[in-house]
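K.L.:
To start, I am sharing the structure in question, which I have written as structure tokens.
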Amino acid sequence: MNPGISRRSLGVPASSIRGLIPFAERALKAGKKVHFLNIGQPDVPTPEGYFEAVRSFREPVLAYGGSHGNPKLVQSLQRVYREELGVALAPENILVTAGGSEALWFTVMVLCDPGDELIVPEPFYANYAAICAGAGVRIVPVTTRTEDGYHLPVSDPARAVESKITPRTRGILLSHPGNPTGTVFTRQEVELLGSIASRFGLFLVADEVYRDFTYDGRPFTSFASLEEAKEHVVVIDSVSKRYSACGARIGFIVSRNEAVMEQAMKFAQSRGCTPTLEQIGAAALYDTPSSFLEGVRREYQMRRDALCHALETIPGVTLRKPEGAFYLSARIPVQDAQAFAIWMMEEFDLNGETVLFAPLEGFYATPGLGRNEIRLCYALEKAKLERAAEIIRAGLRAYGNRKGGLA
Ligand SMILES: *Cc1c(COP(=O)(O)O)cnc(C)c1O
């Protein structure tokens, strides 16, 4: 008899971002060129300082580090929060983790018991669904709409959130700037959420891994800067997007709540430490001149504009220009974006080329929402994005004209 698998594990949804990869692999095998706009993997070169620091490592033993993290890396993060956000942190307010992903896991495990709830604006980062399911936590969504640029409902943002609070609510979890939406909350929205957290005794988990990418001069208000709610706020941070260093697997939990940090430390100890060399490389990344980030921000803004411009004129496509991060969510004229994505891999090409995108359904908790929406990542060269948009345009036209007709 086979041993059974846990219900916890079986309840974790498969990644809707990576789930279409096998279809893409078959398309590649069939000789098609696939443009991968499904995943947030920037093509910007990682700053050279990272590799130099790793190469200059001379210790004879690659030893364990402390569970808390490399002291130089922690100091670098203290400096960044002080200089860029005006927030003073003690070393104990920072825990180095294996990417923002592990920071999210630890945070959800520390804040929530099985059966507890987190309020999350949807569409949200699809991995939140997997992490919450793994921890036995229910996501209670606040639905946002394409037409509002995926901001909190403008008519009554406070009510939209407060009406979701139950005795099981532990906190509010959000990515800011938003993945998959690109939405950057205004100072008023940030303060409103801070005051709700204070009044109702909730945590505010702010995933700010895209903090450096806001466009059109739009200011960014970090949840870390909410002095009055500082005990409520847990910030998730990472080198992955800031320094185009996704493979380093270095991230952080940042919180001025002592109890949270103390408990997170137990999880950190249970996994020993994060990789010694990667932390040395990451510490060097924070010495990168700020001109690097300015250049990347300009480049992403230009890419965003190019992709929006190319998509806007496709009949039936609805989108709002994203304010930050490097994703664009759009409504497309099909009934089932997942079926369309598979069709794009299996049945369609434009001169041998096709495009992989992420269907947005897996980014919603409310059943049925997002079926006609997709997410595209624009952290790729402008010419590639323009070509991808052309392929999507041709794909949508051919899909609508298929035998049997109905899109
Ligand atoms: C990429 C990403 C992360 C974390 O990525 P890591 O590589 O694990 O640091 C967390 N949240 C969001 C919204 C992301 O897009």
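Identifiers in the structure tokens: chain A, B, ... in order shown; residue index from 1 per chain; ligand index from 1 in order shown.
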Could you list, as a ChimeraX atom specification, all protein and nucleic acid residues with an atom at most 8 Å from ligand 1, counting only C-alpha atoms and all ligand atoms?
P.N.:
/A:40,98-104,124-125,127,175-176,178-180,207-210,236-241,246-251
K.L.:
Residues of region 170-366 of chain A in strand (DSSP E or B) according to DSSP, as JSON, numbers by chain?
P.N.:
{"A": [170, 171, 172, 173, 174, 175, 203, 204, 205, 206, 207, 214, 233, 234, 235, 236, 237, 238, 251, 252, 253, 254, 255, 318, 319, 324, 327, 328, 329, 330, 331, 350, 353, 354, 355, 356, 358, 359]}
K.L.:
Grab the residues selected above and save them as a JSON list (two decimals), in the first residue's frame with N, CA and C atoms.
P.N.:
[["chain", "number", "residue", "atom", "x", "y", "z"],
["A", 170, "ARG", "N", -6.04, 38.06, 11.11],
["A", 170, "ARG", "CA", -4.77, 38.37, 11.77],
["A", 170, "ARG", "C", -4.09, 39.58, 11.15],
["A", 171, "GLY", "N", -4.38, 39.83, 9.88],
["A", 171, "GLY", "CA", -3.69, 40.95, 9.26],
["A", 171, "GLY", "C", -4.09, 41.18, 7.81],
["A", 172, "ILE", "N", -3.38, 42.14, 7.23],
["A", 172, "ILE", "CA", -3.57, 42.49, 5.82],
["A", 172, "ILE", "C", -2.24, 42.21, 5.13],
["A", 173, "LEU", "N", -2.30, 41.52, 4.01],
["A", 173, "LEU", "CA", -1.09, 41.18, 3.26],
["A", 173, "LEU", "C", -1.22, 41.78, 1.87],
["A", 174, "LEU", "N", -0.17, 42.49, 1.42],
["A", 174, "LEU", "CA", -0.25, 43.08, 0.09],
["A", 174, "LEU", "C", 1.13, 43.27, -0.50],
["A", 175, "SER", "N", 1.20, 43.30, -1.83],
["A", 175, "SER", "CA", 2.47, 43.66, -2.45],
["A", 175, "SER", "C", 2.35, 45.08, -2.98],
["A", 203, "PHE", "N", -2.00, 42.89, 11.92],
["A", 203, "PHE", "CA", -0.68, 43.06, 11.31],
["A", 203, "PHE", "C", -0.86, 43.58, 9.88],
["A", 204, "LEU", "N", 0.19, 44.24, 9.43],
["A", 204, "LEU", "CA", 0.21, 44.75, 8.07],
["A", 204, "LEU", "C", 1.47, 44.20, 7.43],
["A", 205, "VAL", "N", 1.32, 43.21, 6.57],
["A", 205, "VAL", "CA", 2.48, 42.60, 5.93],
["A", 205, "VAL", "C", 2.64, 43.24, 4.55],
["A", 206, "ALA", "N", 3.68, 44.06, 4.43],
["A", 206, "ALA", "CA", 3.88, 44.82, 3.20],
["A", 206, "ALA", "C", 5.06, 44.23, 2.42],
["A", 207, "ASP", "N", 4.75, 43.61, 1.31],
["A", 207, "ASP", "CA", 5.77, 42.99, 0.45],
["A", 207, "ASP", "C", 6.25, 44.07, -0.52],
["A", 214, "THR", "N", 9.02, 52.69, -9.30],
["A", 214, "THR", "CA", 7.79, 53.46, -9.49],
["A", 214, "THR", "C", 8.10, 54.47, -10.59],
["A", 233, "VAL", "N", 3.61, 46.56, 11.58],
["A", 233, "VAL", "CA", 4.10, 46.41, 10.21],
["A", 233, "VAL", "C", 5.23, 45.38, 10.11],
["A", 234, "VAL", "N", 5.12, 44.49, 9.13],
["A", 234, "VAL", "CA", 6.20, 43.58, 8.77],
["A", 234, "VAL", "C", 6.47, 43.80, 7.29],
["A", 235, "VAL", "N", 7.70, 44.20, 6.96],
["A", 235, "VAL", "CA", 8.04, 44.45, 5.55],
["A", 235, "VAL", "C", 8.83, 43.26, 5.01],
["A", 236, "ILE", "N", 8.48, 42.82, 3.82],
["A", 236, "ILE", "CA", 9.19, 41.77, 3.10],
["A", 236, "ILE", "C", 10.08, 42.46, 2.07],
["A", 237, "ASP", "N", 11.36, 42.12, 2.08],
["A", 237, "ASP", "CA", 12.30, 42.78, 1.18],
["A", 237, "ASP", "C", 13.17, 41.72, 0.49],
["A", 238, "SER", "N", 13.90, 42.13, -0.55],
["A", 238, "SER", "CA", 14.68, 41.16, -1.33],
["A", 238, "SER", "C", 15.67, 41.87, -2.24],
["A", 251, "GLY", "N", 16.79, 37.58, 0.85],
["A", 251, "GLY", "CA", 15.70, 38.49, 1.18],
["A", 251, "GLY", "C", 15.72, 38.81, 2.66],
["A", 252, "PHE", "N", 14.68, 39.50, 3.12],
["A", 252, "PHE", "CA", 14.68, 39.99, 4.50],
["A", 252, "PHE", "C", 13.25, 40.06, 5.06],
["A", 253, "ILE", "N", 13.17, 39.82, 6.38],
["A", 253, "ILE", "CA", 12.01, 40.26, 7.15],
["A", 253, "ILE", "C", 12.46, 41.51, 7.89],
["A", 254, "VAL", "N", 11.69, 42.58, 7.78],
["A", 254, "VAL", "CA", 12.00, 43.82, 8.49],
["A", 254, "VAL", "C", 10.80, 44.18, 9.34],
["A", 255, "SER", "N", 10.99, 44.24, 10.66],
["A", 255, "SER", "CA", 9.88, 44.64, 11.52],
["A", 255, "SER", "C", 10.40, 45.22, 12.83],
["A", 318, "THR", "N", -8.28, 45.78, -22.54],
["A", 318, "THR", "CA", -8.46, 46.87, -21.58],
["A", 318, "THR", "C", -7.30, 46.85, -20.59],
["A", 319, "LEU", "N", -6.65, 48.00, -20.42],
["A", 319, "LEU", "CA", -5.58, 48.06, -19.43],
["A", 319, "LEU", "C", -5.43, 49.47, -18.90],
["A", 324, "GLY", "N", 4.00, 51.01, -11.21],
["A", 324, "GLY", "CA", 5.28, 50.53, -10.67],
["A", 324, "GLY", "C", 5.47, 49.06, -10.96],
["A", 327, "TYR", "N", 5.18, 44.57, -14.17],
["A", 327, "TYR", "CA", 4.12, 43.73, -14.73],
["A", 327, "TYR", "C", 2.97, 44.59, -15.20],
["A", 328, "LEU", "N", 2.25, 44.03, -16.14],
["A", 328, "LEU", "CA", 1.07, 44.70, -16.64],
["A", 328, "LEU", "C", -0.05, 43.67, -16.65],
["A", 329, "SER", "N", -1.17, 44.02, -16.01],
["A", 329, "SER", "CA", -2.34, 43.15, -16.07],
["A", 329, "SER", "C", -3.33, 43.77, -17.04],
["A", 330, "ALA", "N", -3.95, 42.94, -17.85],
["A", 330, "ALA", "CA", -4.88, 43.45, -18.86],
["A", 330, "ALA", "C", -6.03, 42.48, -19.05],
["A", 331, "ARG", "N", -7.18, 43.02, -19.44],
["A", 331, "ARG", "CA", -8.30, 42.17, -19.82],
["A", 331, "ARG", "C", -8.20, 41.94, -21.32],
["A", 350, "LEU", "N", 3.42, 32.93, -35.07],
["A", 350, "LEU", "CA", 3.52, 33.97, -36.09],
["A", 350, "LEU", "C", 4.95, 33.88, -36.61],
["A", 353, "GLU", "N", 7.01, 32.06, -34.14],
["A", 353, "GLU", "CA", 7.17, 32.61, -32.79],
["A", 353, "GLU", "C", 5.83, 32.65, -32.06],
["A", 354, "THR", "N", 5.90, 32.44, -30.74],
["A", 354, "THR", "CA", 4.71, 32.59, -29.92],
["A", 354, "THR", "C", 5.09, 33.20, -28.57],
["A", 355, "VAL", "N", 4.06, 33.49, -27.74],
["A", 355, "VAL", "CA", 4.28, 34.20, -26.47],
["A", 355, "VAL", "C", 3.65, 33.43, -25.33],
["A", 356, "LEU", "N", 4.39, 33.28, -24.25],
["A", 356, "LEU", "CA", 3.83, 32.71, -23.04],
["A", 356, "LEU", "C", 3.55, 33.83, -22.05],
["A", 358, "ALA", "N", 1.04, 34.84, -18.25],
["A", 358, "ALA", "CA", 0.42, 34.21, -17.08],
["A", 358, "ALA", "C", -1.07, 34.53, -17.06],
["A", 359, "PRO", "N", -1.94, 33.51, -17.14],
["A", 359, "PRO", "CA", -3.37, 33.78, -16.97],
["A", 359, "PRO", "C", -3.60, 34.29, -15.54]]
K.L.:
Residues of region 291-402 of chain A that approach region 136-156 of chain A to 12 Å or less, counting only C-alpha atoms: could you list each one with the shortest pair of atoms and its distance in Å to one decimal, rows by chain and increasing residue number, as a tab-separated table?
P.N.:
residue	atom	partner	partner_atom	distance
A:Val317	CA	A:Thr146	CA	11.1
A:Thr318	CA	A:Thr146	CA	7.6
A:Leu319	CA	A:Thr146	CA	6.5
A:Arg320	CA	A:Gly149	CA	5.5
A:Lys321	CA	A:Gly149	CA	7.7
A:Pro322	CA	A:Gly149	CA	7.4
A:Glu323	CA	A:Gly149	CA	8.7
A:Gly324	CA	A:Gly149	CA	11.3
A:Leu328	CA	A:Gly149	CA	10.5
A:Ser329	CA	A:Thr146	CA	7.9
A:Ala330	CA	A:Thr146	CA	7.3
A:Arg331	CA	A:Thr146	CA	7.6
A:Ile332	CA	A:Thr146	CA	11.4
A:Leu360	CA	A:Thr146	CA	11.9
A:Phe363	CA	A:Pro141	CA	10.5
A:Tyr364	CA	A:Pro141	CA	7.8
A:Ala365	CA	A:Pro141	CA	6.2
A:Thr366	CA	A:Pro141	CA	7.0
A:Pro367	CA	A:Pro141	CA	10.8
A:Leu369	CA	A:Thr143	CA	9.2
A:Gly370	CA	A:Arg145	CA	10.0
A:Asn372	CA	A:Thr146	CA	11.4
A:Glu373	CA	A:Thr146	CA	9.3
A:Ile374	CA	A:Thr146	CA	11.3
A:Arg375	CA	A:Thr146	CA	11.9
K.L.:
Which residues, written as a JSON list (two decimals) with N, CA, C and O atoms, in the first residue's frame, have at least one atom at most 12 Å from Phe200 (chain A), with only C-alpha atoms counted and residues fewer than 4 positions away on the same chain left out?
P.N.:
[["chain", "number", "residue", "atom", "x", "y", "z"],
["A", 161, "VAL", "N", -12.18, 47.33, 3.15],
["A", 161, "VAL", "CA", -11.27, 46.50, 3.95],
["A", 161, "VAL", "C", -11.93, 46.09, 5.25],
["A", 161, "VAL", "O", -11.95, 44.91, 5.63],
["A", 162, "GLU", "N", -12.52, 47.06, 5.96],
["A", 162, "GLU", "CA", -13.06, 46.78, 7.30],
["A", 162, "GLU", "C", -14.20, 45.76, 7.25],
["A", 162, "GLU", "O", -14.37, 44.97, 8.18],
["A", 163, "SER", "N", -14.96, 45.76, 6.17],
["A", 163, "SER", "CA", -16.09, 44.83, 6.08],
["A", 163, "SER", "C", -15.61, 43.37, 5.98],
["A", 163, "SER", "O", -16.40, 42.44, 6.11],
["A", 164, "LYS", "N", -14.32, 43.17, 5.74],
["A", 164, "LYS", "CA", -13.78, 41.81, 5.61],
["A", 164, "LYS", "C", -13.22, 41.29, 6.93],
["A", 164, "LYS", "O", -12.77, 40.14, 7.01],
["A", 165, "ILE", "N", -13.17, 42.16, 7.95],
["A", 165, "ILE", "CA", -12.55, 41.75, 9.22],
["A", 165, "ILE", "C", -13.50, 40.85, 10.01],
["A", 165, "ILE", "O", -14.68, 41.15, 10.15],
["A", 166, "THR", "N", -12.96, 39.72, 10.47],
["A", 166, "THR", "CA", -13.72, 38.79, 11.31],
["A", 166, "THR", "C", -12.87, 38.50, 12.55],
["A", 166, "THR", "O", -11.71, 38.94, 12.62],
["A", 167, "PRO", "N", -13.41, 37.75, 13.51],
["A", 167, "PRO", "CA", -12.59, 37.40, 14.68],
["A", 167, "PRO", "C", -11.34, 36.59, 14.32],
["A", 167, "PRO", "O", -10.40, 36.53, 15.11],
["A", 168, "ARG", "N", -11.31, 35.98, 13.14],
["A", 168, "ARG", "CA", -10.13, 35.19, 12.76],
["A", 168, "ARG", "C", -9.09, 36.01, 11.99],
["A", 168, "ARG", "O", -8.03, 35.51, 11.63],
["A", 169, "THR", "N", -9.39, 37.26, 11.66],
["A", 169, "THR", "CA", -8.46, 38.07, 10.87],
["A", 169, "THR", "C", -7.20, 38.38, 11.67],
["A", 169, "THR", "O", -7.28, 38.91, 12.78],
["A", 170, "ARG", "N", -6.04, 38.06, 11.11],
["A", 170, "ARG", "CA", -4.77, 38.37, 11.77],
["A", 170, "ARG", "C", -4.09, 39.58, 11.15],
["A", 170, "ARG", "O", -3.26, 40.21, 11.79],
["A", 171, "GLY", "N", -4.38, 39.83, 9.88],
["A", 171, "GLY", "CA", -3.69, 40.95, 9.26],
["A", 171, "GLY", "C", -4.09, 41.18, 7.81],
["A", 171, "GLY", "O", -4.99, 40.52, 7.28],
["A", 172, "ILE", "N", -3.38, 42.14, 7.23],
["A", 172, "ILE", "CA", -3.57, 42.49, 5.82],
["A", 172, "ILE", "C", -2.24, 42.21, 5.13],
["A", 172, "ILE", "O", -1.19, 42.61, 5.64],
["A", 193, "LEU", "N", -4.54, 52.21, 5.61],
["A", 193, "LEU", "CA", -4.33, 50.81, 6.01],
["A", 193, "LEU", "C", -3.62, 50.74, 7.36],
["A", 193, "LEU", "O", -3.93, 49.89, 8.20],
["A", 194, "GLY", "N", -2.69, 51.69, 7.59],
["A", 194, "GLY", "CA", -2.01, 51.74, 8.89],
["A", 194, "GLY", "C", -3.00, 52.00, 10.01],
["A", 194, "GLY", "O", -2.94, 51.36, 11.07],
["A", 195, "SER", "N", -3.94, 52.90, 9.77],
["A", 195, "SER", "CA", -4.88, 53.23, 10.85],
["A", 195, "SER", "C", -5.87, 52.09, 11.06],
["A", 195, "SER", "O", -6.26, 51.80, 12.20],
["A", 196, "ILE", "N", -6.24, 51.38, 10.01],
["A", 196, "ILE", "CA", -7.11, 50.21, 10.18],
["A", 196, "ILE", "C", -6.38, 49.15, 11.01],
["A", 196, "ILE", "O", -6.94, 48.57, 11.96],
["A", 204, "LEU", "N", 0.19, 44.24, 9.43],
["A", 204, "LEU", "CA", 0.21, 44.75, 8.07],
["A", 204, "LEU", "C", 1.47, 44.20, 7.43],
["A", 204, "LEU", "O", 2.58, 44.63, 7.78],
["A", 229, "ALA", "N", 2.02, 53.00, 13.54],
["A", 229, "ALA", "CA", 1.62, 51.59, 13.43],
["A", 229, "ALA", "C", 2.84, 50.69, 13.38],
["A", 229, "ALA", "O", 2.76, 49.54, 12.94],
["A", 232, "HIS", "N", 2.85, 47.09, 14.11],
["A", 232, "HIS", "CA", 1.92, 46.29, 13.31],
["A", 232, "HIS", "C", 2.53, 45.86, 11.97],
["A", 232, "HIS", "O", 2.01, 44.99, 11.30]]
K.L.:
Please, what distance in Å, to one decimal, runs between CA of Ile17 (chain A) and CA of Ile131 (chain A)?
P.N.:
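So the answer is 14.5 Å.
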K.L.:
As a ChimeraX atom specification, please: the residues near Val34 (chain A) (cut-off 12 Å, only C-alpha atoms, same-chain neighbours under 6 positions excluded).
P.N.:
/A:21,23-28,341,344-346,348-357,384,387-388,391-392
K.L.:
Do you know which residues are at most 10 Å from region 287-304 of chain A counting only C-alpha atoms, after dropping those on the same chain fewer than 6 positions away, and could you put them as a ChimeraX atom specification?
P.N.:
/A:42,44,47-50,76,212-216,242-244,310,321-328,377-386
K.L.:
Distance CA of Gln335 (chain A)-CA of Asp305 (chain A), one decimal place?
P.N.:
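Between these atoms lies a distance of 26.8 Å.
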K.L.:
Just list the residues in region 285-398 of chain A DSSP gives alpha helix (DSSP H) on the backbone, as number ranges by chain.
P.N.:
A: 285, 290-312, 337-346, 382-398
K.L.:
At what distance in Å, to one decimal, does CA of Ile94 (chain A) lie from CA of Gln279 (chain A)?
P.N.:
13.8 Å
